file structure-v2.cif (mmCIF, C-alpha atoms)
data_model
#
loop_
_atom_site.label_atom_id
_atom_site.label_comp_id
_atom_site.auth_asym_id
_atom_site.auth_seq_id
_atom_site.Cartn_x
_atom_site.Cartn_y
_atom_site.Cartn_z
CA MET A 1500 167.66 -9.94 93.06
CA ARG A 1501 168.08 -6.23 93.68
CA ALA A 1502 165.20 -4.54 95.49
CA ARG A 1503 163.38 -1.95 93.47
CA PRO A 1504 163.56 1.49 95.08
CA ARG A 1505 160.26 2.91 96.30
CA THR A 1506 159.01 6.00 94.58
CA SER A 1507 156.53 8.62 95.68
CA ARG A 1508 152.95 7.82 94.86
CA PRO A 1509 150.30 10.31 93.83
CA ALA A 1510 148.15 11.52 96.70
CA PRO A 1511 144.74 9.88 96.86
CA SER A 1512 142.06 11.89 95.11
CA ALA A 1513 139.21 13.37 97.12
CA ALA A 1514 136.88 11.82 94.54
CA ARG A 1515 137.59 8.39 96.03
CA GLU A 1516 135.28 9.35 98.85
CA PRO A 1517 132.05 11.23 98.01
CA GLY A 1518 132.42 14.96 98.53
CA GLY A 1519 135.94 14.47 99.80
CA VAL A 1520 134.55 13.92 103.31
CA ARG A 1521 136.74 11.65 105.34
CA ALA A 1522 135.32 9.53 108.13
CA PRO A 1523 135.94 10.75 111.70
CA GLY A 1524 138.88 9.07 113.36
CA ARG A 1525 140.47 7.85 110.12
CA THR A 1526 144.20 8.47 109.93
CA GLU A 1527 144.83 11.26 107.43
CA PRO A 1528 147.59 11.00 104.80
CA GLY A 1529 150.85 12.24 106.24
CA THR A 1530 150.00 11.32 109.85
CA ARG A 1531 150.79 8.25 111.89
CA LYS A 1532 148.42 5.98 113.70
CA GLY A 1533 148.17 6.67 117.37
CA VAL A 1534 148.86 10.42 117.04
CA PRO A 1535 146.74 12.15 119.71
CA ALA A 1536 144.01 14.62 118.81
CA VAL A 1537 145.01 18.25 118.38
CA PRO A 1538 145.53 19.86 121.80
CA GLU A 1539 144.06 23.21 122.74
CA ARG A 1540 147.34 24.98 122.10
CA CYS A 1541 146.93 24.38 118.37
CA LEU A 1542 145.60 27.26 116.33
CA LEU A 1543 141.97 26.29 116.74
CA ARG A 1544 139.98 29.22 118.02
CA ALA A 1545 136.63 27.84 119.06
CA GLY A 1546 133.73 30.13 119.82
CA LEU A 1547 134.44 32.92 117.33
CA VAL A 1548 130.98 33.38 115.84
CA GLY A 1549 131.22 33.84 112.12
CA GLY A 1550 130.55 30.71 110.14
CA GLU A 1551 132.77 28.91 107.69
CA TRP A 1552 136.48 28.23 107.86
CA ARG A 1553 138.41 28.05 104.63
CA GLY A 1554 142.12 27.63 104.33
CA VAL A 1555 144.94 26.19 102.30
CA TRP A 1556 147.98 24.28 103.44
CA ASN A 1557 151.02 23.77 101.26
CA TYR A 1558 153.82 21.32 101.76
CA GLN A 1559 156.49 19.76 99.58
CA LYS A 1560 157.47 16.10 99.71
CA ARG A 1561 161.13 15.54 100.28
CA PRO A 1562 163.28 14.23 97.43
CA VAL A 1563 163.32 10.50 96.74
CA THR A 1564 166.22 9.40 98.91
CA ARG A 1565 167.13 6.26 100.76
CA GLY A 1566 164.51 4.31 98.89
CA GLY A 1567 161.48 6.49 99.72
CA ALA A 1568 159.96 9.92 99.42
CA GLY A 1569 159.63 10.43 103.16
CA ARG A 1570 157.47 13.09 104.74
CA PRO A 1571 158.24 16.79 105.32
CA SER A 1572 160.88 17.55 107.89
CA ARG A 1573 160.02 19.28 111.13
CA LYS A 1574 161.46 22.52 109.78
CA GLU A 1575 159.35 22.25 106.63
CA ARG A 1576 156.20 21.49 108.60
CA ARG A 1577 156.81 24.41 110.94
CA ALA A 1578 157.31 26.78 107.99
CA VAL A 1579 153.97 26.01 106.36
CA GLY A 1580 151.70 24.94 109.17
CA GLY A 1581 152.86 21.34 109.43
CA LEU A 1582 151.02 18.07 109.66
CA GLY A 1583 148.98 19.64 112.45
CA LEU A 1584 146.46 20.62 109.76
CA PHE A 1585 145.44 17.02 109.17
CA ARG A 1586 145.38 16.42 112.91
CA ALA A 1587 143.15 19.49 113.16
CA VAL A 1588 140.72 17.92 110.71
CA ARG A 1589 140.59 14.79 112.84
CA TRP A 1590 140.18 16.90 115.98
CA ALA A 1591 137.26 18.79 114.43
CA THR A 1592 135.44 15.73 113.07
CA ARG A 1593 135.54 14.09 116.47
CA ARG A 1594 133.81 17.09 117.98
CA GLY A 1595 130.69 17.35 115.87
CA VAL A 1596 131.92 19.34 112.90
CA TRP A 1597 129.32 19.20 110.14
CA LYS A 1598 131.89 18.85 107.41
CA ALA A 1599 135.64 18.39 107.30
CA ARG A 1600 136.58 18.26 103.66
CA VAL A 1601 140.10 17.68 102.38
CA VAL A 1602 140.73 18.22 98.70
CA ARG A 1603 144.19 17.24 97.50
CA GLU A 1604 145.77 17.89 94.17
CA ARG A 1605 149.20 17.20 92.74
CA ARG A 1606 151.57 20.04 92.02
CA SER A 1607 154.68 20.33 89.93
CA GLY A 1608 158.05 19.89 91.56
CA VAL A 1609 159.89 22.72 93.24
CA SER A 1610 163.63 23.16 93.04
CA GLY A 1611 165.24 21.01 95.71
CA TYR A 1612 162.11 19.01 96.36
CA GLY A 1613 160.10 16.24 94.80
CA VAL A 1614 156.50 16.45 93.65
CA GLY A 1615 154.51 18.61 96.03
CA GLN A 1616 150.89 18.65 97.09
CA ARG A 1617 148.35 21.28 98.01
CA ALA A 1618 145.68 20.49 100.59
CA LYS A 1619 142.55 22.60 100.83
CA VAL A 1620 140.45 22.21 103.94
CA SER A 1621 137.02 23.56 104.78
CA LEU A 1622 135.58 23.18 108.25
CA LEU A 1623 131.95 24.19 108.68
CA VAL A 1624 130.90 24.24 112.31
CA GLY A 1625 127.38 25.61 112.56
CA GLU A 1626 127.63 29.25 113.62
CA HIS A 1627 131.19 28.92 114.95
CA LEU A 1628 134.39 29.81 113.20
CA LEU A 1629 137.04 27.40 114.49
CA PHE A 1630 140.09 28.84 112.83
CA ALA A 1631 141.43 30.10 109.56
CA MET A 1632 144.74 30.28 107.80
CA ALA A 1633 146.28 31.40 104.54
CA ALA A 1634 148.52 29.54 102.14
CA SER A 1635 151.92 30.91 102.93
CA GLY A 1636 155.31 29.39 103.43
CA GLU A 1637 156.67 32.45 105.21
CA PRO A 1638 157.37 31.88 108.91
CA GLY A 1639 155.13 34.11 111.02
CA ARG A 1640 152.50 34.35 108.29
CA GLN A 1641 151.17 30.81 108.30
CA TRP A 1642 147.80 31.60 109.85
CA GLN A 1643 145.31 34.36 109.03
CA GLU A 1644 141.69 34.60 110.03
CA VAL A 1645 139.24 35.14 107.19
CA ALA A 1646 137.85 38.69 107.20
CA ALA A 1647 134.19 38.62 108.25
CA VAL A 1648 133.70 42.27 107.27
CA VAL A 1649 135.17 43.57 104.00
CA VAL A 1650 134.90 47.25 103.15
CA VAL A 1651 135.29 48.49 99.59
CA GLY A 1652 135.60 52.23 99.90
CA SER A 1653 137.55 55.37 100.60
CA CYS A 1654 140.45 56.55 102.71
CA MET A 1655 140.73 60.28 103.39
CA THR A 1656 143.22 62.33 105.36
CA ASP A 1657 141.18 64.71 107.52
CA LEU A 1658 142.33 68.34 107.80
CA VAL A 1659 140.28 69.55 110.76
CA SER A 1660 139.75 73.12 112.00
CA LEU A 1661 137.84 73.83 115.22
CA THR A 1662 136.10 77.18 115.55
CA SER A 1663 133.36 78.80 117.65
CA ARG A 1664 130.94 78.99 114.72
CA LEU A 1665 130.75 78.07 111.05
CA PRO A 1666 131.70 80.88 108.64
CA LYS A 1667 129.20 82.59 106.35
CA THR A 1668 129.78 82.86 102.60
CA GLY A 1669 132.82 85.02 101.92
CA GLU A 1670 133.66 85.37 105.62
CA THR A 1671 137.05 84.70 107.24
CA ILE A 1672 137.00 83.77 110.92
CA HIS A 1673 139.51 82.61 113.51
CA GLY A 1674 139.72 79.01 114.64
CA HIS A 1675 141.23 77.81 117.91
CA LYS A 1676 142.63 74.40 116.94
CA PHE A 1677 143.84 72.45 113.89
CA PHE A 1678 144.82 68.80 113.56
CA ILE A 1679 145.29 66.11 110.94
CA GLY A 1680 143.44 62.83 111.34
CA PHE A 1681 142.31 59.74 109.46
CA GLY A 1682 138.92 59.60 107.78
CA GLY A 1683 137.07 58.58 104.63
CA LYS A 1684 133.72 56.85 104.96
CA GLY A 1685 135.00 53.41 103.98
CA ALA A 1686 137.97 53.39 106.33
CA ASN A 1687 135.90 54.93 109.14
CA GLN A 1688 133.35 52.14 108.94
CA CYS A 1689 136.10 49.53 108.76
CA VAL A 1690 137.93 50.95 111.79
CA GLN A 1691 134.77 50.98 113.93
CA ALA A 1692 133.95 47.37 113.03
CA ALA A 1693 137.54 46.36 113.80
CA ARG A 1694 137.57 48.12 117.18
CA LEU A 1695 134.48 46.14 118.16
CA GLY A 1696 136.38 42.93 117.44
CA ALA A 1697 135.55 42.16 113.81
CA LYS A 1698 138.16 40.62 111.51
CA THR A 1699 138.23 43.17 108.71
CA SER A 1700 139.83 43.84 105.35
CA MET A 1701 140.00 47.19 103.56
CA VAL A 1702 139.86 47.35 99.74
CA CYS A 1703 140.94 50.87 98.83
CA LYS A 1704 143.51 53.00 97.03
CA VAL A 1705 145.73 55.77 98.40
CA GLY A 1706 148.46 57.89 96.89
CA LYS A 1707 152.13 57.01 96.96
CA ASP A 1708 152.78 59.93 99.30
CA SER A 1709 153.28 60.62 102.98
CA PHE A 1710 149.53 60.73 103.64
CA GLY A 1711 149.13 57.36 101.92
CA ASN A 1712 152.00 55.74 103.83
CA ASP A 1713 150.62 57.05 107.10
CA TYR A 1714 147.18 55.75 106.27
CA ILE A 1715 148.37 52.22 105.59
CA GLU A 1716 150.17 52.24 108.93
CA ASN A 1717 146.97 53.48 110.60
CA LEU A 1718 144.98 50.56 109.18
CA LYS A 1719 147.59 48.12 110.45
CA GLN A 1720 147.50 49.71 113.90
CA ASN A 1721 143.76 49.00 113.93
CA ASP A 1722 144.32 45.32 113.02
CA ILE A 1723 142.80 45.76 109.56
CA SER A 1724 144.13 43.66 106.69
CA THR A 1725 145.91 45.87 104.13
CA GLU A 1726 146.44 43.09 101.58
CA PHE A 1727 144.15 44.94 99.16
CA THR A 1728 145.13 48.50 100.08
CA TYR A 1729 146.70 49.76 96.88
CA GLN A 1730 148.98 52.75 96.26
CA THR A 1731 149.21 54.79 93.07
CA GLN A 1732 151.49 57.52 91.76
CA ASP A 1733 148.75 58.87 89.49
CA ALA A 1734 146.86 60.77 92.20
CA ALA A 1735 147.28 62.06 95.73
CA THR A 1736 145.69 60.45 98.77
CA GLY A 1737 142.14 61.74 99.24
CA THR A 1738 141.64 64.62 101.66
CA ALA A 1739 138.71 66.05 103.60
CA SER A 1740 138.72 69.65 104.82
CA ILE A 1741 136.49 69.79 107.91
CA ILE A 1742 135.30 72.74 109.98
CA VAL A 1743 133.64 71.99 113.33
CA ASN A 1744 131.86 74.52 115.57
CA ASN A 1745 131.34 74.52 119.35
CA GLU A 1746 128.08 72.58 119.03
CA GLY A 1747 129.81 69.78 117.15
CA GLN A 1748 128.18 70.66 113.82
CA ASN A 1749 130.42 70.51 110.76
CA ILE A 1750 130.85 71.28 107.09
CA ILE A 1751 133.10 69.07 104.94
CA ILE A 1752 134.72 69.33 101.52
CA ILE A 1753 136.34 66.18 100.12
CA VAL A 1754 138.88 65.81 97.32
CA ALA A 1755 138.67 62.11 96.46
CA GLY A 1756 142.03 61.84 94.69
CA ALA A 1757 143.33 58.25 94.54
CA ASN A 1758 139.98 56.90 95.75
CA LEU A 1759 138.55 57.46 92.28
CA LEU A 1760 141.23 55.21 90.75
CA LEU A 1761 140.09 52.08 92.59
CA ASN A 1762 138.85 49.93 89.71
CA THR A 1763 137.41 46.60 88.61
CA GLU A 1764 140.86 45.05 88.23
CA ASP A 1765 141.60 45.84 91.88
CA LEU A 1766 138.32 44.20 92.87
CA ARG A 1767 139.18 41.04 90.96
CA GLU A 1768 142.34 40.68 93.02
CA ALA A 1769 140.23 40.98 96.17
CA ALA A 1770 137.47 38.68 94.88
CA LYS A 1771 138.35 35.80 97.20
CA ALA A 1772 138.24 38.00 100.31
CA ILE A 1773 134.93 39.52 99.24
CA SER A 1774 133.32 36.16 98.48
CA ARG A 1775 134.37 34.74 101.87
CA ALA A 1776 133.10 37.67 103.95
CA LYS A 1777 129.96 37.68 106.04
CA VAL A 1778 129.24 41.34 105.29
CA MET A 1779 130.55 43.71 102.63
CA ILE A 1780 130.15 47.49 102.90
CA CYS A 1781 130.22 50.05 100.06
CA GLN A 1782 129.74 53.81 99.79
CA LEU A 1783 129.98 56.42 97.02
CA GLU A 1784 133.30 58.14 97.80
CA ILE A 1785 134.81 55.86 95.15
CA THR A 1786 133.38 55.70 91.63
CA PRO A 1787 129.78 54.41 91.51
CA GLU A 1788 130.82 51.85 88.88
CA THR A 1789 133.36 50.31 91.27
CA SER A 1790 130.88 50.22 94.14
CA LEU A 1791 128.29 48.61 91.89
CA GLU A 1792 130.78 45.97 90.76
CA ALA A 1793 131.68 45.20 94.38
CA LEU A 1794 128.03 44.87 95.37
CA THR A 1795 127.38 42.59 92.41
CA MET A 1796 130.37 40.42 93.31
CA ALA A 1797 129.30 40.09 96.94
CA HIS A 1798 125.61 39.55 96.15
CA SER A 1799 126.37 36.77 93.66
CA ASN A 1800 128.38 34.95 96.35
CA GLY A 1801 125.67 35.16 98.99
CA VAL A 1802 127.49 37.80 101.04
CA LYS A 1803 125.24 40.23 102.93
CA THR A 1804 125.60 43.70 101.39
CA LEU A 1805 125.42 46.93 103.38
CA PHE A 1806 125.28 50.01 101.15
CA ASN A 1807 125.75 53.55 102.42
CA PRO A 1808 124.86 55.90 99.49
CA ALA A 1809 127.06 58.79 100.57
CA PRO A 1810 127.65 61.29 99.12
CA ALA A 1811 124.17 60.85 97.65
CA ILE A 1812 123.45 60.95 93.91
CA ALA A 1813 119.96 62.02 92.84
CA ASP A 1814 119.88 59.74 89.79
CA LEU A 1815 121.39 56.70 91.52
CA ASP A 1816 121.56 53.59 89.31
CA PRO A 1817 118.48 51.44 90.15
CA ARG A 1818 120.70 48.37 90.48
CA PHE A 1819 122.10 49.73 93.75
CA TYR A 1820 118.73 49.24 95.40
CA ALA A 1821 118.27 45.67 94.20
CA LEU A 1822 121.80 44.66 95.24
CA SER A 1823 121.54 46.16 98.74
CA ASP A 1824 120.46 43.80 101.51
CA VAL A 1825 120.68 46.76 103.87
CA PHE A 1826 120.39 50.29 102.48
CA CYS A 1827 121.51 52.84 105.09
CA CYS A 1828 121.54 56.61 104.58
CA ASN A 1829 121.03 59.75 106.67
CA GLU A 1830 118.18 62.24 106.39
CA THR A 1831 120.01 64.55 103.95
CA GLU A 1832 120.88 61.68 101.64
CA ALA A 1833 117.30 60.39 101.84
CA GLU A 1834 116.04 63.80 100.71
CA ILE A 1835 118.36 63.80 97.70
CA LEU A 1836 117.44 60.25 96.72
CA THR A 1837 113.68 60.61 97.10
CA GLY A 1838 112.96 64.33 96.65
CA LEU A 1839 111.02 64.29 99.94
CA ALA A 1840 111.78 66.60 102.86
CA VAL A 1841 112.97 64.65 105.91
CA SER A 1842 112.81 66.57 109.18
CA SER A 1843 111.19 64.06 111.52
CA PRO A 1844 110.90 60.31 112.11
CA ALA A 1845 107.51 60.36 110.33
CA ASP A 1846 109.08 62.01 107.26
CA ALA A 1847 111.90 59.45 107.37
CA GLY A 1848 109.31 56.64 107.35
CA LYS A 1849 107.74 58.01 104.16
CA ALA A 1850 111.14 58.33 102.46
CA ALA A 1851 112.06 54.81 103.56
CA GLN A 1852 108.91 53.44 101.92
CA VAL A 1853 109.91 55.06 98.63
CA LEU A 1854 113.37 53.47 98.83
CA LEU A 1855 111.91 50.09 99.80
CA GLU A 1856 109.71 50.14 96.70
CA ARG A 1857 112.84 50.48 94.57
CA GLY A 1858 113.99 46.99 95.57
CA CYS A 1859 115.86 47.25 98.88
CA GLN A 1860 115.39 44.47 101.41
CA VAL A 1861 115.96 46.71 104.44
CA VAL A 1862 116.05 50.51 104.59
CA ILE A 1863 117.55 52.43 107.51
CA ILE A 1864 117.49 56.23 107.69
CA THR A 1865 119.65 57.72 110.44
CA LEU A 1866 118.47 60.93 112.12
CA GLY A 1867 121.43 61.99 114.24
CA ALA A 1868 120.31 62.73 117.80
CA GLU A 1869 116.84 61.33 116.97
CA GLY A 1870 118.18 57.82 116.34
CA CYS A 1871 117.00 56.07 113.19
CA VAL A 1872 113.99 54.69 111.33
CA MET A 1873 113.90 51.16 109.93
CA LEU A 1874 111.71 49.48 107.34
CA SER A 1875 111.97 46.10 105.63
CA GLN A 1876 110.19 43.89 103.13
CA THR A 1877 109.14 41.58 105.97
CA GLU A 1878 108.13 44.48 108.28
CA PRO A 1879 106.81 47.19 105.94
CA VAL A 1880 105.65 49.47 108.76
CA PRO A 1881 108.24 52.14 109.67
CA LYS A 1882 109.70 51.78 113.16
CA HIS A 1883 111.51 54.59 114.99
CA ILE A 1884 114.53 53.48 117.06
CA PRO A 1885 115.45 56.39 119.38
CA THR A 1886 118.87 56.91 120.94
CA GLU A 1887 119.94 58.39 124.24
CA LYS A 1888 120.60 62.12 124.44
CA VAL A 1889 124.23 63.10 124.90
CA LYS A 1890 126.31 66.28 124.77
CA ALA A 1891 127.92 66.23 121.33
CA VAL A 1892 131.50 67.41 121.04
CA ASP A 1893 132.06 66.49 117.37
CA THR A 1894 129.53 64.67 115.16
CA THR A 1895 132.00 64.07 112.33
CA GLY A 1896 131.96 60.41 111.36
CA ALA A 1897 129.07 59.46 113.67
CA GLY A 1898 127.13 57.96 110.77
CA ASP A 1899 130.16 55.86 109.82
CA SER A 1900 130.49 54.65 113.41
CA PHE A 1901 126.84 53.54 113.18
CA VAL A 1902 127.38 51.69 109.89
CA GLY A 1903 130.57 50.00 111.13
CA ALA A 1904 128.82 48.87 114.32
CA LEU A 1905 125.84 47.58 112.35
CA ALA A 1906 128.16 45.58 110.07
CA PHE A 1907 129.81 44.06 113.14
CA TYR A 1908 126.47 42.87 114.52
CA LEU A 1909 125.28 41.58 111.14
CA ALA A 1910 128.47 39.51 110.83
CA TYR A 1911 128.91 38.26 114.39
CA TYR A 1912 125.42 38.34 115.91
CA PRO A 1913 123.16 37.34 113.01
CA ASN A 1914 120.54 35.92 115.37
CA LEU A 1915 119.86 39.29 116.99
CA SER A 1916 116.75 41.10 115.78
CA LEU A 1917 117.44 44.04 113.47
CA GLU A 1918 115.84 46.36 115.99
CA GLU A 1919 118.27 45.22 118.70
CA MET A 1920 121.24 45.63 116.32
CA LEU A 1921 120.14 49.20 115.59
CA LYS A 1922 119.74 50.03 119.28
CA ARG A 1923 123.30 48.88 119.92
CA ALA A 1924 124.66 50.70 116.86
CA ASN A 1925 122.85 53.86 118.02
CA PHE A 1926 124.56 53.58 121.41
CA ILE A 1927 128.03 53.15 119.91
CA ALA A 1928 127.54 56.10 117.55
CA ALA A 1929 126.38 58.21 120.52
CA VAL A 1930 129.63 57.38 122.32
CA SER A 1931 131.63 58.52 119.28
CA VAL A 1932 130.15 62.06 119.21
CA GLN A 1933 131.35 62.72 122.76
CA ALA A 1934 134.99 63.03 121.66
CA ALA A 1935 136.73 65.16 119.06
CA GLY A 1936 137.99 63.76 115.77
CA THR A 1937 136.70 61.05 113.48
CA GLN A 1938 138.38 57.66 113.95
CA SER A 1939 140.04 58.93 117.11
CA SER A 1940 136.57 59.17 118.67
CA TYR A 1941 135.53 55.60 117.87
CA PRO A 1942 135.23 53.38 120.95
CA TYR A 1943 136.94 50.03 121.45
CA LYS A 1944 135.12 46.94 122.66
CA LYS A 1945 136.94 47.06 126.00
CA ASP A 1946 135.54 50.56 126.67
CA LEU A 1947 131.90 49.62 126.08
CA PRO A 1948 129.32 47.91 128.34
CA LEU A 1949 129.50 44.12 128.30
CA ASP A 1950 125.80 43.80 127.49
CA LEU A 1951 126.52 45.07 123.98
CA PHE A 1952 128.36 41.82 123.20
#

call {"tool": "encode", "arguments": {"input": "structure-v2.cif", "output": "structure tokens"}}
result
Amino acid sequence: MRARPRTSRPAPSAAREPGGVRAPGRTEPGTRKGVPAVPERCLLRAGLVGGEWRGVWNYQKRPVTRGGAGRPSRKERRAVGGLGLFRAVRWATRRGVWKARVVRERRSGVSGYGVGQRAKVSLLVGEHLLFAMAASGEPGRQWQEVAAVVVVGSCMTDLVSLTSRLPKTGETIHGHKFFIGFGGKGANQCVQAARLGAKTSMVCKVGKDSFGNDYIENLKQNDISTEFTYQTQDAATGTASIIVNNEGQNIIIIVAGANLLLNTEDLREAAKAISRAKVMICQLEITPETSLEALTMAHSNGVKTLFNPAPAIADLDPRFYALSDVFCCNETEAEILTGLAVSSPADAGKAAQVLLERGCQVVIITLGAEGCVMLSQTEPVPKHIPTEKVKAVDTTGAGDSFVGALAFYLAYYPNLSLEEMLKRANFIAAVSVQAAGTQSSYPYKKDLPLDLF
């Protein structure tokens, strides 16, 4: 009697075990008994505070040959992450992981291969992010860490003029230096968070021009994901004309350009990144409708929202307040939003109470050299957080440095008190004003005191 050839069998469904949770130590499909636990050299990065790991691994079964489907070749495994993923699950479950869930589903065949499978794995390890990866068969792009901080906002090319004093209306004066830099509130905040060590992603739109190309390269140089950095031919990259005097004071005119074309469709493409973040930041240098949609998307997925209402709008949609876990503005913006004069920490406390009553969970009003004032639903008494006095060279972007630093601490040090987070953010912003430029003045983690981390 002729032996019947073996054929590939469907992968076992996760439903066969409640929740798809596999018992620790059990041999995973695609591995062999006796395979040792994943060694340290594997792409497991223990100790990165952040929370939940989510990833996808793709592989294709080999064609039915020699009487059996076989398992992926070494080359195939190397190209897409390999069987090390399942070994990683076993490694994690043996070390106290709360949940190691493998969900498998059949896929249609791919040319040259048999029926493939897609394995989705989620490893939740208390407050620690073990590792993360993306579904990609491209060598060199197998593994990507999930962005803990996602910024939906603006990118601006800064056109900076330095002069001894600010001009009066109708006056022409001489300046002593001009340079082009990178700015925009959204990108500024993202860059500062990234330089402190946060895994970040920027959702923005620039023009298909030299400024736009340069900006994308700048984000990459700062280790910021540009997967959702879009380019358009319908508008130029946003620009900011900035004049700075000898005391570091400035006046700024922005032309938003391509920033205003960032839309809901763009956000839908970035929905997965937003929903997986720890913190999402928005401002008002893109259209308010887009910022509101981003806040709604993040809030509905349990992502902490940090809203910086700048430039301020007097008749701001009330939904912005309710969707903001942390509402952070400066004294000028607080005046526009509340109609109250803010010239001291006491004034800032009164304005913060008005904003808190509109539905915010936490209100922070920054006061430049005076530090900031905080107020929350749980601590409804205003508290002034001073900052150290420094000699300011250029205050441009100091508020964005503060917001980016605060986002970093919210994402990576959630157990710190808010007051302590604000003290550290104050310090980092104070460092930034001691150098000229916007992003060029933002400090890196390696240049800051160790007790900040």

call {"tool": "closest_residue", "arguments": {"input": "structure-v2.cif", "among": "A:Leu1766, A:Ala1686, A:Ala1809, A:Ala1929", "to": "A:Leu1794", "atoms": "all atoms listed in the file"}}
result
A:Leu1766

call {"tool": "residues_near_point", "arguments": {"input": "structure-v2.cif", "point": "(130.7, 65.4, 97.4)", "cutoff": "12 Å", "atoms": "all atoms listed in the file", "output": "PyMOL selection string"}}
result
chain A and resi 1683-1684+1738-1740+1750-1755+1782-1786+1808-1812+1832

call {"tool": "atom_distance", "arguments": {"input": "structure-v2.cif", "atom1": "atom CA of A:Ala1757", "atom2": "atom CA of A:Ala1734"}}
result
4.9 Å

call {"tool": "residues_around", "arguments": {"input": "structure-v2.cif", "residues": "A:Val1892", "least_positions_apart": "2", "cutoff": "7 Å", "atoms": "only C-alpha atoms", "output": "list in words"}}
result
Glu1746, Gly1747, Lys1890, Thr1894, Val1932, Gln1933, Ala1934 and Ala1935 of chain A

call {"tool": "atom_distance", "arguments": {"input": "structure-v2.cif", "atom1": "atom CA of A:Glu1788", "atom2": "atom CA of A:Leu1761"}}
result
10.0 Å

call {"tool": "atom_distance", "arguments": {"input": "structure-v2.cif", "atom1": "atom CA of A:Asp1733", "atom2": "atom CA of A:Cys1654"}}
result
15.8 Å

call {"tool": "residues_around", "arguments": {"input": "structure-v2.cif", "residues": "A:Ala1840", "least_positions_apart": "6", "cutoff": "9 Å", "atoms": "only C-alpha atoms", "output": "list in words"}}
result
Glu1830, Thr1831, Ala1833, Glu1834, Asp1846, Ala1847 and Ala1850 of chain A

call {"tool": "closest_atom_pairs", "arguments": {"input": "structure-v2.cif", "of": "stretch 1883-1925 of chain A", "to": "stretch 1941-1947 of chain A", "cutoff": "10 Å", "atoms": "all atoms listed in the file", "output": "Markdown table"}}
result
| residue | atom | partner | partner_atom | distance |
| --- | --- | --- | --- | --- |
| A:Gly1896 | CA | A:Tyr1941 | CA | 8.8 |
| A:Ala1897 | CA | A:Tyr1941 | CA | 8.6 |
| A:Asp1899 | CA | A:Tyr1941 | CA | 9.7 |
| A:Ser1900 | CA | A:Tyr1941 | CA | 6.8 |

call {"tool": "write_last_selection", "arguments": {"input": "structure-v2.cif", "atoms": "C-alpha atoms", "output": "PDB file, keeping the file's coordinate frame"}}
result
ATOM      1  CA  GLY A1896     131.960  60.410 111.360  1.00  0.00           C
ATOM      2  CA  ALA A1897     129.070  59.460 113.670  1.00  0.00           C
ATOM      3  CA  ASP A1899     130.160  55.860 109.820  1.00  0.00           C
ATOM      4  CA  SER A1900     130.490  54.650 113.410  1.00  0.00           C
TER       5      SER A1900
END
